[in-house]
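Chemist: Quick one: the structure is below, and I'll ask about it shortly.
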Amino acid sequence: MKTMTCKDLGGACDKEFHADTFEDMAQQSKAHAMAMFQQRDKAHLDAMKAMQEQMKSPDAMQKYIDDKRRKFDALP
């Protein structure tokens, strides 16, 4: 089981996610992001805006995901 935080995945807080696969980790992060969006959490909304700016092209989005996957894979 590996652990990453919201910040590790591009978010705004120290909430921890625990998963055996990157896909499960990403799903937990996505659910958290949706909850924070619904709550209109400013820090998370700002992080989402910054992430959207970074991922204006499909290549940039894939590079971002690949980077997060490499960080996940490198965890013990």
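Letters for chains follow the order of the structure tokens (A, B, ...), residue numbers begin at 1 for each chain, and ligand numbers begin at 1 in the order shown.
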Could you give me the residues within chain A that DSSP places in alpha helix (DSSP H), as a compact mmCIF listing (two decimals) with N, CA and C atoms, in the first residue's frame?
Modeler:
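So states-v1.txt came out as:
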```
# COMPACT_ATOMS: atom_id res chain seq x y z
N PHE A 22 -1.81 3.01 -9.02
CA PHE A 22 -1.90 4.42 -9.34
C PHE A 22 -3.33 4.79 -9.73
N GLU A 23 -4.01 3.89 -10.42
CA GLU A 23 -5.39 4.15 -10.83
C GLU A 23 -6.30 4.36 -9.62
N ASP A 24 -6.14 3.54 -8.60
CA ASP A 24 -6.93 3.72 -7.36
C ASP A 24 -6.58 5.04 -6.68
N MET A 25 -5.31 5.37 -6.67
CA MET A 25 -4.86 6.62 -6.06
C MET A 25 -5.48 7.81 -6.81
N ALA A 26 -5.44 7.75 -8.12
CA ALA A 26 -6.00 8.84 -8.94
C ALA A 26 -7.50 8.96 -8.72
N GLN A 27 -8.19 7.84 -8.58
CA GLN A 27 -9.63 7.87 -8.35
C GLN A 27 -9.96 8.52 -7.00
N GLN A 28 -9.21 8.20 -5.98
CA GLN A 28 -9.42 8.82 -4.66
C GLN A 28 -9.17 10.33 -4.73
N SER A 29 -8.11 10.71 -5.44
CA SER A 29 -7.79 12.13 -5.59
C SER A 29 -8.89 12.86 -6.35
N LYS A 30 -9.40 12.22 -7.37
CA LYS A 30 -10.48 12.83 -8.17
C LYS A 30 -11.73 13.02 -7.31
N ALA A 31 -12.10 12.02 -6.53
CA ALA A 31 -13.28 12.13 -5.66
C ALA A 31 -13.10 13.26 -4.65
N HIS A 32 -11.89 13.36 -4.09
CA HIS A 32 -11.59 14.45 -3.14
C HIS A 32 -11.70 15.81 -3.83
N ALA A 33 -11.14 15.90 -5.04
CA ALA A 33 -11.19 17.16 -5.78
C ALA A 33 -12.64 17.56 -6.06
N MET A 34 -13.47 16.60 -6.42
CA MET A 34 -14.87 16.89 -6.69
C MET A 34 -15.58 17.40 -5.43
N ALA A 35 -15.28 16.78 -4.30
CA ALA A 35 -15.87 17.21 -3.03
C ALA A 35 -15.43 18.63 -2.68
N MET A 36 -14.15 18.92 -2.89
CA MET A 36 -13.64 20.27 -2.59
C MET A 36 -14.23 21.30 -3.56
N PHE A 37 -14.45 20.89 -4.81
CA PHE A 37 -15.08 21.78 -5.79
C PHE A 37 -16.51 22.11 -5.35
N GLN A 38 -17.23 21.10 -4.91
CA GLN A 38 -18.61 21.30 -4.47
C GLN A 38 -18.67 22.21 -3.24
N LYS A 42 -11.45 27.43 -1.69
CA LYS A 42 -10.64 28.33 -2.50
C LYS A 42 -9.26 27.76 -2.84
N ALA A 43 -8.58 27.18 -1.89
CA ALA A 43 -7.24 26.65 -2.15
C ALA A 43 -7.29 25.56 -3.22
N HIS A 44 -8.30 24.70 -3.14
CA HIS A 44 -8.43 23.64 -4.14
C HIS A 44 -8.87 24.20 -5.49
N LEU A 45 -9.75 25.18 -5.48
CA LEU A 45 -10.16 25.80 -6.74
C LEU A 45 -8.97 26.46 -7.43
N ASP A 46 -8.11 27.10 -6.65
CA ASP A 46 -6.90 27.71 -7.21
C ASP A 46 -5.97 26.64 -7.80
N ALA A 47 -5.82 25.52 -7.08
CA ALA A 47 -4.97 24.43 -7.57
C ALA A 47 -5.55 23.84 -8.86
N MET A 48 -6.87 23.71 -8.92
CA MET A 48 -7.53 23.18 -10.13
C MET A 48 -7.31 24.11 -11.31
N LYS A 49 -7.40 25.41 -11.06
CA LYS A 49 -7.20 26.39 -12.13
C LYS A 49 -5.76 26.30 -12.66
N ALA A 50 -4.81 26.20 -11.76
CA ALA A 50 -3.40 26.08 -12.16
C ALA A 50 -3.16 24.80 -12.95
N MET A 51 -3.81 23.71 -12.53
CA MET A 51 -3.66 22.44 -13.21
C MET A 51 -4.25 22.52 -14.62
N GLN A 52 -5.39 23.17 -14.75
CA GLN A 52 -6.02 23.33 -16.06
C GLN A 52 -5.12 24.13 -17.00
N GLU A 53 -4.46 25.15 -16.47
CA GLU A 53 -3.53 25.94 -17.28
C GLU A 53 -2.37 25.08 -17.78
N GLN A 54 -1.88 24.21 -16.90
CA GLN A 54 -0.76 23.34 -17.26
C GLN A 54 -1.15 22.33 -18.33
N PRO A 58 -3.22 17.83 -25.01
CA PRO A 58 -3.20 16.40 -24.62
C PRO A 58 -1.80 15.93 -24.24
N ASP A 59 -0.77 16.44 -24.91
CA ASP A 59 0.60 16.04 -24.57
C ASP A 59 0.97 16.49 -23.17
N ALA A 60 0.58 17.71 -22.81
CA ALA A 60 0.89 18.23 -21.48
C ALA A 60 0.15 17.43 -20.43
N MET A 61 -1.10 17.06 -20.71
CA MET A 61 -1.88 16.27 -19.76
C MET A 61 -1.23 14.90 -19.55
N GLN A 62 -0.80 14.25 -20.63
CA GLN A 62 -0.18 12.94 -20.51
C GLN A 62 1.14 13.03 -19.75
N LYS A 63 1.92 14.08 -20.01
CA LYS A 63 3.19 14.27 -19.31
C LYS A 63 2.94 14.44 -17.81
N TYR A 64 1.91 15.22 -17.45
CA TYR A 64 1.56 15.44 -16.05
C TYR A 64 1.19 14.11 -15.37
N ILE A 65 0.35 13.33 -16.03
CA ILE A 65 -0.07 12.03 -15.47
C ILE A 65 1.11 11.09 -15.35
N ASP A 66 1.96 11.05 -16.38
CA ASP A 66 3.14 10.19 -16.34
C ASP A 66 4.07 10.57 -15.20
N ASP A 67 4.22 11.88 -14.93
CA ASP A 67 5.06 12.34 -13.83
C ASP A 67 4.50 11.85 -12.49
N LYS A 68 3.21 11.98 -12.30
CA LYS A 68 2.59 11.54 -11.04
C LYS A 68 2.69 10.03 -10.90
N ARG A 69 2.53 9.30 -12.01
CA ARG A 69 2.65 7.84 -11.97
C ARG A 69 4.08 7.43 -11.59
N ARG A 70 5.09 8.11 -12.13
CA ARG A 70 6.48 7.81 -11.78
C ARG A 70 6.72 8.04 -10.28
N LYS A 71 6.15 9.11 -9.74
CA LYS A 71 6.30 9.38 -8.31
C LYS A 71 5.62 8.28 -7.49
N PHE A 72 4.46 7.84 -7.93
CA PHE A 72 3.76 6.75 -7.25
C PHE A 72 4.61 5.48 -7.32
N ASP A 73 5.10 5.15 -8.50
CA ASP A 73 5.88 3.92 -8.68
C ASP A 73 7.16 3.93 -7.86
N ALA A 74 7.72 5.09 -7.61
CA ALA A 74 8.98 5.20 -6.86
C ALA A 74 8.77 5.04 -5.34
```
Chemist: Quick check, in Å to one decimal: how far apart do CA of Pro76 (chain A) and CA of Met55 (chain A) lie?
Modeler: 28.3 Å
Chemist: If you run DSSP on this backbone, which residues of chain A come out as strand (DSSP E or B), and could you give them as an MDAnalysis selection string?
Modeler: chainID A and resid 2:5 16:19
